[in-house]
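Student: I have a structure here, written as structure tokens, and I will follow up with some questions on it.
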Amino acid sequence: MADASTVPTLDDVARAAGVSTATVSRCLNSPERVVEQTRTRVMAAVEALGYTPNFGARVMAAKRTFTIGAIIPTMDNAIFARGLQTFQEELHTRGYTLLVASSAYQPQIEEEQIRALVARGADGLLLIGHDRDPAIYNYLRARSIPVLASWVYRPNGTQPTVGFDNRSAMRALARQVIAFGHRRIAMVSGITDGNDRAAARVAGLREALAEGGLDPDALRVIETPYEIDNGAAALRTLMQAETPPTVIMCGNDVLAVGALRGAREIGLSVPEDVSITGFDDIELARIVTPQITTVHVPHRDMGRRAAEALIDMVEKRSAGVSLELECSVQMRGSLRDLRM
């Protein structure tokens, strides 16, 4: 193990570059504030000496760890990948590091992870969805930990949100389905218990049915975890009905692709025999045949804006303002127009 005296210091870098230690600090923490010629000389000295900034000293000086925690429900599919990627990219440009945990859609696990991230000094937290035990929010509030919820939009909630209205987005897709002449509609949803996004999508579909003069209480809904195999199994169950649906609306694209596979396994053609829709517009929806009619969620923009908003909260430039992003219906080959 190298002797501690051989570890290069900030003073060493300053001497090598012929600048002050303050200039070195600015190059490392706010490089845009240093002229290019000086910045190049300092960074060359950093590289030559193998200098690594003292994280502990930075934390003590700023009274922050420059770490943001994010807890997502799953890493098993791409639903959260794009948004989280741009979230991390924006954090990086602002000098923050991201710690990610996955709760497997289990509130108790999420609570444990929230406490663990706080114990590790996270300056702020990104959570998915809004509904959780109020005691968690009280715990975070008592410790002055800024919290932002995403993948949802709730302007009047107790926590700021950067995301979209799941209910209205599904309602818009369902309106198009009904406009295409579909009256026998079923849904394959994610588990709604503890998942406000899934519950809102079911509610949005029911609202569209009522608007279209259909009975929302007659809607058949199968709730199942977000997996391709589960989507296939749900379609097989729904198509065994005496009067099977003409369209199956799925709570996300993973279930929709599973339903597409399930239809093929029992000899049905999509959309000739049954139409299928999804939600999220992940890449998976565009690489299957036929491509899935779905709701496009602005994942990348959402991740970037969530990072901006949360950092503003951490750095006390804002108490937190909710921002709604627009979704759009993407019409593709998996939805048949029965009027034609």
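Going through the structure tokens in order, the chains are called A, B, and so on, while each chain numbers its residues from 1 and the ligands are numbered from 1 in the order shown.
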Name the residues in contact with stretch 138-143 of chain A at a cut-off of 9 Å, using only C-alpha atoms, excluding same-chain residues fewer than 6 positions from it; report them as a VMD selection string.
Tutor: chain A and resid 114 to 115 118
Student: Could you dump the residues just selected with N, CA and C atoms as a short mmCIF file (atom, residue, chain, number, x, y, z; two decimals), in the first residue's frame?
Tutor:
```
data_model
loop_
_atom_site.label_atom_id
_atom_site.label_comp_id
_atom_site.auth_asym_id
_atom_site.auth_seq_id
_atom_site.Cartn_x
_atom_site.Cartn_y
_atom_site.Cartn_z
N ILE A 114 -35.24 3.93 1.01
CA ILE A 114 -35.26 5.36 1.30
C ILE A 114 -34.42 5.66 2.53
N ARG A 115 -34.62 4.88 3.60
CA ARG A 115 -33.87 5.10 4.83
C ARG A 115 -32.37 4.84 4.62
N VAL A 118 -30.86 7.82 2.71
CA VAL A 118 -30.73 8.97 3.62
C VAL A 118 -29.55 8.75 4.56
#
```
Student: List the spatial neighbours of A:Arg171 as a PyMOL selection string - criterion: any atom at most 8 Å away, only C-alpha atoms, same-chain residues fewer than 2 positions off excluded.
Tutor: chain A and resi 167-169+173-175+201+204-208
Student: With distances taken over only C-alpha atoms, which of A:Leu338, A:Ile109, A:Leu117, A:Val274 is nearest to A:Ala186?
Tutor: A:Val274
Student: Any idea what the distance is between atom CA of A:Asp196 and atom CA of A:Ala241?
Tutor: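 Computing the Euclidean distance for atom CA of A:Asp196 and atom CA of A:Ala241 yields 28.7 Å.
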Student: Give me, as a ChimeraX atom specification, all polymer residues having an atom no more than 12 Å from A:Asp280, counting only C-alpha atoms and skipping those fewer than 5 positions away in the same chain.
Tutor: /A:77-83,151,164,166,169-170,173,197-198,201,250-256,285-286,292-300,327-330
Student: Would you work out the distance separating atom CA of A:Asp131 from atom CA of A:Ala199, expressed in Å to one decimal?
Tutor: 10.9 Å
Student: Quick one: residues within 9 Å of A:Phe180, only C-alpha atoms counted, chain neighbours fewer than 5 positions away excluded, as a PDB file with N, CA, C and O atoms, in the first residue's frame?
Tutor:
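Ended up saving to selection_39.pdb:
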```pdb
ATOM      1  N   ARG A 175     -60.027   6.674 -26.272  1.00  0.00           N
ATOM      2  CA  ARG A 175     -60.937   7.407 -27.150  1.00  0.00           C
ATOM      3  C   ARG A 175     -60.705   7.037 -28.607  1.00  0.00           C
ATOM      4  O   ARG A 175     -61.646   6.903 -29.386  1.00  0.00           O
ATOM      5  N   LEU A 335     -53.531  -1.980 -34.085  1.00  0.00           N
ATOM      6  CA  LEU A 335     -54.898  -1.560 -33.824  1.00  0.00           C
ATOM      7  C   LEU A 335     -55.671  -1.496 -35.130  1.00  0.00           C
ATOM      8  O   LEU A 335     -55.337  -0.723 -36.028  1.00  0.00           O
ATOM      9  N   ARG A 336     -56.748  -2.272 -35.206  1.00  0.00           N
ATOM     10  CA  ARG A 336     -57.566  -2.328 -36.416  1.00  0.00           C
ATOM     11  C   ARG A 336     -58.693  -1.318 -36.345  1.00  0.00           C
ATOM     12  O   ARG A 336     -59.337  -1.145 -35.295  1.00  0.00           O
ATOM     13  N   ASP A 337     -58.963  -0.659 -37.469  1.00  0.00           N
ATOM     14  CA  ASP A 337     -60.101   0.236 -37.601  1.00  0.00           C
ATOM     15  C   ASP A 337     -61.298  -0.597 -38.074  1.00  0.00           C
ATOM     16  O   ASP A 337     -61.344  -1.008 -39.232  1.00  0.00           O
ATOM     17  N   LEU A 338     -62.227  -0.869 -37.180  1.00  0.00           N
ATOM     18  CA  LEU A 338     -63.373  -1.721 -37.514  1.00  0.00           C
ATOM     19  C   LEU A 338     -64.381  -1.036 -38.426  1.00  0.00           C
ATOM     20  O   LEU A 338     -65.286  -1.690 -38.943  1.00  0.00           O
ATOM     21  N   ARG A 339     -64.236   0.237 -38.668  1.00  0.00           N
ATOM     22  CA  ARG A 339     -65.156   0.946 -39.540  1.00  0.00           C
ATOM     23  C   ARG A 339     -64.853   0.693 -40.997  1.00  0.00           C
ATOM     24  O   ARG A 339     -65.662   1.028 -41.868  1.00  0.00           O
ATOM     25  N   MET A 340     -63.716   0.127 -41.263  1.00  0.00           N
ATOM     26  CA  MET A 340     -63.285  -0.045 -42.659  1.00  0.00           C
ATOM     27  C   MET A 340     -63.584  -1.467 -43.151  1.00  0.00           C
ATOM     28  O   MET A 340     -63.602  -2.410 -42.394  1.00  0.00           O
TER      29      MET A 340
END
```
Student: Where in stretch 32-116 of chain A does DSSP assign strand (DSSP E or B), given as number ranges by chain?
Tutor: A: 67-72, 97-102
